[in-house]
Amino acid sequence: MTTAPTPHAALALWTDADRADRFDQWLAPLAVRHGLRPETLAPASSDAGFRRYLRVQAADGRTLIVMDDPAQPNQVARFVEVGTLMSGCGLHVPAMLAHDAISGFALMEDLGAQLYLDTLQRAQRDGDMTVPKALMRDATTALLRWQGCAPARADGVLPLFDDAFVRRELQIFVDWCVQAHHGKQWNDKQRGWWDRTVALLSDNIAAQPRVPMHRDYMVRNLMVCPPPAGPDDSALPTPGILDFQDAVMGPITYDIASLLRDAFISWDESEELDWAVRYWEGAKRAGLFGMDPNGEDPHEMALDFGLFWRRLEWTALQRQLKIMGIFCRLKHRDGKPHYVEDLPRFYAYVVKTATRYVELAPLLRLIEDLQPQLLQTGFTLR
């Protein structure tokens with residue numbers, strides 16, 4: 001015979017007894033209101049930061065998710081604000097049942113456990129492209145809906161992904177990947193190469209139409225969910241969307257680039273191009289590049305897919321360099337070394353793009369200084 005675990009599993013879920021007590025006090029009235037069974041609390045997932053998620057069962061058989069964000073300041077209020085914006089655009093984000101932005105707790109809908117990432121990796125192993133085609137189509141449809149709906153609602157809600165923002169992110173690569181992880185200090189010539197690269201990447205982002213940007217629209221943050229219940233039987237399946245609290249107004253290619261050049265799964269370029277063309281055509285139909293008085297799309301990116309693809313690749317490159325820095329920071333500062341296991345994928349992405357465009361040759365030299373053997377032996381994205 002086993003004994004039912006106590007609330008917060010006798011502190012097994014907590015490293016801070018005071019926080020565990022505050023959580024119990026917050027949860028107690030919610031347990032009564034929603035029929036929760038606190039003894040069933042168990043880890044659901046965590047992310048690269050300090051935030052984590054717990055799953056709790058209810059008396060009626062359903063499960064709900066608890067967010068625990070102990071950071072100061074936490075992002076609970078931001079999660080609620082952006083979630084409301086996305087929900088208002090018809091996107092499937094977790095419905096919020098209760099939250100305490102001061103303490104950093106939230107109770108929300110459980111979108112299940114079927115991650116896009118796991119489903120796509122399984123399909124890739126099985127050599128079945130029908131599933132990826134369907135899921136990526138649904139993810140693209142949801143993205144276009146978000147980008148087309150939110151601008152009218154986003155004023156004062158979403159900050160700008162501007163030059164200063166881009167430069168701050170790229171500095172993470174220098175501080176944590178170059179210096180902390182590889183132990184390198186660049187000379188004057190190398191710093192000049194880097195400054196030129198940063199200017200190119202920032203100019204590329206500034207040259208694009210601005211749209212609402214999730215900022216981490218990758219398959220690890222998407223859930224496979226059934227169509228929403230309702231009278232419209234023709235409703236399209238839509239992914240459950242997570243981790244959206246960092247949303248900004250930024251370049252149109254950023255989120256589709258994040259989806260195609262993912263941190264944890266890679267695709268053949270023919271597949272990337274197919275999905276990118278479908279997105280580009282949908283963005284033109286939705287008027288996301290801007291419309292002139294005659295109803296025609298005047299932006300140069302709408303007229304030339306080759307230019308759109310180039311800007312997408314360069315935008316992806318900025319994101320990839322930032323993530324390389326973040327993964328190294330997670331290892332060296334936060335004690336999470338497993339993230340650097342994915343660095344080879346990012347080196348492959350960076351070398352592939354920097355080799356393709358002559359303007360990025362200085363970046364290629366910097367990468368060769370960090371990992372000379374990789375450029376000599378070649379990469380694979382799979």
# chains A, B, ... in the order shown; residues from 1 in each chain; ligands from 1

call {"tool": "select_by_dssp", "arguments": {"residues": "stretch 179-373 of chain A", "states": "alpha helix (DSSP H)", "output": "PyMOL selection string"}}
result
chain A and resi 188-206+254-260+269-285+300-303+305-332+343-356+361-370+372-373

call {"tool": "residues_around", "arguments": {"residues": "A:Met108", "least_positions_apart": "4", "cutoff": "10 Å", "atoms": "only C-alpha atoms", "output": "number ranges by chain"}}
result
A: 55, 63-67, 93-99

call {"tool": "select_by_dssp", "arguments": {"residues": "stretch 60-301 of chain A", "states": "strand (DSSP E)", "output": "PDB file with C-alpha atoms, in the first residue's frame"}}
result
ATOM      1  CA  THR A  63      -5.418  18.128 -16.009  1.00  0.00           C
ATOM      2  CA  LEU A  64      -4.235  21.718 -15.700  1.00  0.00           C
ATOM      3  CA  ILE A  65      -0.822  23.351 -15.830  1.00  0.00           C
ATOM      4  CA  VAL A  66       0.803  25.466 -13.131  1.00  0.00           C
ATOM      5  CA  MET A  67       3.503  27.938 -14.109  1.00  0.00           C
ATOM      6  CA  ASP A  68       6.169  28.587 -11.488  1.00  0.00           C
ATOM      7  CA  MET A  96      -5.570  31.446 -18.160  1.00  0.00           C
ATOM      8  CA  LEU A  97      -7.616  30.447 -15.090  1.00  0.00           C
ATOM      9  CA  ALA A  98      -5.728  32.349 -12.391  1.00  0.00           C
ATOM     10  CA  HIS A  99      -2.429  34.118 -11.903  1.00  0.00           C
ATOM     11  CA  ASP A 100      -0.402  35.996  -9.313  1.00  0.00           C
ATOM     12  CA  PHE A 105       2.383  31.656 -10.213  1.00  0.00           C
ATOM     13  CA  ALA A 106      -0.259  30.915 -12.841  1.00  0.00           C
ATOM     14  CA  LEU A 107      -2.895  28.213 -13.425  1.00  0.00           C
ATOM     15  CA  MET A 108      -3.832  27.521 -17.031  1.00  0.00           C
ATOM     16  CA  GLU A 109      -5.234  25.124 -19.573  1.00  0.00           C
ATOM     17  CA  ARG A 210       7.505  44.938 -39.233  1.00  0.00           C
ATOM     18  CA  VAL A 211       4.906  42.477 -37.994  1.00  0.00           C
ATOM     19  CA  PRO A 212       4.062  40.946 -34.606  1.00  0.00           C
ATOM     20  CA  MET A 213       6.834  38.478 -33.816  1.00  0.00           C
ATOM     21  CA  LEU A 222       4.185  24.230 -30.618  1.00  0.00           C
ATOM     22  CA  MET A 223       1.748  21.517 -29.553  1.00  0.00           C
ATOM     23  CA  GLY A 240      -1.110  25.078 -29.405  1.00  0.00           C
ATOM     24  CA  ILE A 241       1.384  27.913 -28.964  1.00  0.00           C
ATOM     25  CA  VAL A 248       7.882  42.015 -30.124  1.00  0.00           C
ATOM     26  CA  MET A 249       7.249  43.937 -33.343  1.00  0.00           C
ATOM     27  CA  GLY A 250       9.979  42.859 -35.723  1.00  0.00           C
ATOM     28  CA  PRO A 251      11.006  41.690 -39.211  1.00  0.00           C
TER      29      PRO A 251
END

call {"tool": "residues_around", "arguments": {"residues": "A:Asp342", "least_positions_apart": "5", "cutoff": "10 Å", "atoms": "only C-alpha atoms", "output": "JSON, numbers by chain"}}
result
{"A": [263, 264, 265, 324, 327, 347]}

call {"tool": "atom_distance", "arguments": {"atom1": "atom CA of A:Arg311", "atom2": "atom CA of A:Asp118"}}
result
28.9 Å

call {"tool": "residues_around", "arguments": {"residues": "A:Leu343", "least_positions_apart": "5", "cutoff": "12 Å", "atoms": "only C-alpha atoms", "output": "list of chain:residue names"}}
result
A:Phe173, A:Cys177, A:His181, A:Ala263, A:Phe264, A:Gln320, A:Leu321, A:Lys322, A:Ile323, A:Met324, A:Gly325, A:Ile326, A:Phe327, A:Cys328, A:Lys331, A:Pro337, A:His338, A:Ala348, A:Tyr349, A:Val350, A:Gln371, A:Leu374, A:Phe379, A:Leu381

call {"tool": "closest_residue", "arguments": {"among": "A:Pro298, A:Tyr254, A:Lys189, A:Ala247", "to": "A:Leu363", "atoms": "only C-alpha atoms"}}
result
A:Lys189

call {"tool": "closest_residue", "arguments": {"among": "A:Leu317, A:Cys149, A:Val32, A:Leu143", "to": "A:Gly88", "atoms": "only C-alpha atoms"}}
result
A:Cys149

call {"tool": "atom_distance", "arguments": {"atom1": "atom CA of A:Arg278", "atom2": "atom CA of A:Arg356"}}
result
22.8 Å
